[in-house]
Amino acid sequence: MNFSVGESSVYLHKLLQRTRAYRDVEVIVAPSFVALQPLSLQIDRKKMRLAAQSANGHDFGPYTGEVSCTQLRGLVDYCLVGHAERRQLFCETDRQIRATVAAAIRNQIKPILCIGETATEKAFGETHDVLRDQLLGGLSEVSREDLDKVIIAYDPVWAISTTKESHLASPEEVADTMKFLRRTLIDTYGKEHAEDIPILFGGSISPSNAGAYLTIPGVNGLVMSGASLVADQFIDIVEIAKKVQS
């Protein structure tokens with residue numbers, strides 16, 4: 001919940017000016033709902049795409065204040081689903097999250113399913129159990145044939161928005177989790193359908209650590225939090241991604 005519509009437009013303009021179009025690096029920007037429509041007219045889709053920050057799993061109906069994937073169709077290419085703040089602050093349930101994943105797919109929007117454990121769950125050794133439940137619960141209405149329309153984002157709650165090095169996820173932790181998530185997908189959906197599903201990592205990403213995280217086996221991209229509010233840092237991370245990809 002940052003930036004007015006005007007500020008969002010200025011921010012996107014700066015990104016578009018300084019970001020080049022890369023075939024092997026995809027850039028996605030997720031502004032607030034009020035900015036999506038004007039930014040959809042401003043954006044250069046050769047350089048980047050738009051995502052909604054959330055959506056309701058119903059296509060229409062008496063849900064005052066909500067926005068459906070049907071209403072977002074044509075404005076965005078992606079939609080974040082199950083972000084930690086939606087789960088924790090707004091009490092989104094697994095049922096709501098899987099409904100939104102399915103709604104996004106039937107409206108030709110690619111859902112980015114966010115999963116992640118809290119510090120308490122991590123301390124009690126529940127990481128894999130929590131992630132398995134969130135992953136398979138969120139995908140429970142997705143067929144094998146539609147699995148390639150989904151992106152997974154591992155966004156550990158305990159590592160979000162921290163500047164302390166000791167609170168960041170270690171390369172070993174990230175690699176272990178990515179391996180676990182990939183194995184879970186393959187065991188559930190089969191190698192043919194699950195081997196190439198992108199899995200992103202988020203957790204206080206910055207220009208200083210983006211390159212290191214992108215070189216971890218199994219990490220196919222990054223989810224930015226605070227760094228995404230600073231255009232220069234966002235642009236730096238895009239360039240880092242291109243160098244790593246090359």
# chains A, B, ... in the order shown; residues from 1 in each chain; ligands from 1
>>> residues_around(residues="region 186-203 of chain A", least_positions_apart="3", cutoff="7 Å", atoms="only C-alpha atoms", output="ChimeraX atom specification")
/A:144,147-148,151-156,159-160,168,182-183,219-224
>>> residues_around(residues="Leu135 (chain A)", least_positions_apart="5", cutoff="9 Å", atoms="only C-alpha atoms", output="list of chain:residue names")
A:Leu113, A:Cys114, A:Ile115, A:Val130, A:Ser140, A:Ile152, A:Leu181, A:Thr184, A:Leu185
>>> closest_residue(among="A:Ala104, A:Cys69, A:Val238, A:Val76", to="Leu39 (chain A)", atoms="only C-alpha atoms")
A:Val76
>>> residues_around(residues="Val230 (chain A)", least_positions_apart="6", cutoff="12 Å", atoms="only C-alpha atoms", output="PyMOL selection string")
chain A and resi 2-3+7-8+10-12+14-15+206-207+224+236-237
>>> residues_around(residues="Ser32 (chain A)", least_positions_apart="2", cutoff="8 Å", atoms="only C-alpha atoms", output="MDAnalysis selection string")
chainID A and resid 1:2 30 34:36 52:53
>>> write_last_selection(atoms="C-alpha atoms", output="compact mmCIF listing (two decimals), in the first residue's frame")
# COMPACT_ATOMS: atom_id res chain seq x y z
CA MET A 1 0.00 0.00 0.00
CA ASN A 2 2.55 2.50 -1.27
CA ALA A 30 2.72 -5.17 -8.81
CA VAL A 34 -6.06 1.96 -8.11
CA ALA A 35 -2.94 2.29 -10.27
CA LEU A 36 -3.40 -0.83 -12.39
CA ALA A 52 -2.17 -7.54 -9.10
CA GLN A 53 -1.24 -7.82 -5.43
>>> closest_residue(among="A:Gly218, A:Pro62, A:Pro171, A:Pro111", to="Ala99 (chain A)", atoms="only C-alpha atoms")
A:Pro111
>>> residues_around(residues="Gly82 (chain A)", least_positions_apart="6", cutoff="9 Å", atoms="only C-alpha atoms", output="list in words")
Ser54, Glu92, Thr93, Asp94, Gln96, Ile97, Arg98, Thr100, Ile112, Leu113, Cys114, Ile115, Gln134 and Gly138 of chain A
>>> write_last_selection(atoms="C-alpha atoms", output="mmCIF file, in the first residue's frame")
data_model
loop_
_atom_site.group_PDB
_atom_site.id
_atom_site.type_symbol
_atom_site.label_atom_id
_atom_site.label_comp_id
_atom_site.auth_asym_id
_atom_site.auth_seq_id
_atom_site.Cartn_x
_atom_site.Cartn_y
_atom_site.Cartn_z
ATOM 1 C CA SER A 54 -4.249 -10.041 -4.661
ATOM 2 C CA GLU A 92 -6.882 -15.383 4.046
ATOM 3 C CA THR A 93 -7.564 -19.087 4.350
ATOM 4 C CA ASP A 94 -6.235 -21.987 2.315
ATOM 5 C CA GLN A 96 -9.701 -18.705 -0.361
ATOM 6 C CA ILE A 97 -6.177 -19.021 -1.730
ATOM 7 C CA ARG A 98 -6.845 -22.128 -3.811
ATOM 8 C CA THR A 100 -8.086 -17.479 -6.240
ATOM 9 C CA ILE A 112 2.129 -16.406 -8.343
ATOM 10 C CA LEU A 113 1.422 -18.630 -5.350
ATOM 11 C CA CYS A 114 3.293 -17.317 -2.313
ATOM 12 C CA ILE A 115 4.235 -19.717 0.474
ATOM 13 C CA GLN A 134 0.538 -24.340 1.594
ATOM 14 C CA GLY A 138 -2.945 -23.739 -3.020
#
>>> select_by_dssp(residues="region 129-241 of chain A", states="strand (DSSP E)", output="ChimeraX atom specification")
/A:151-154,199-202,221-223
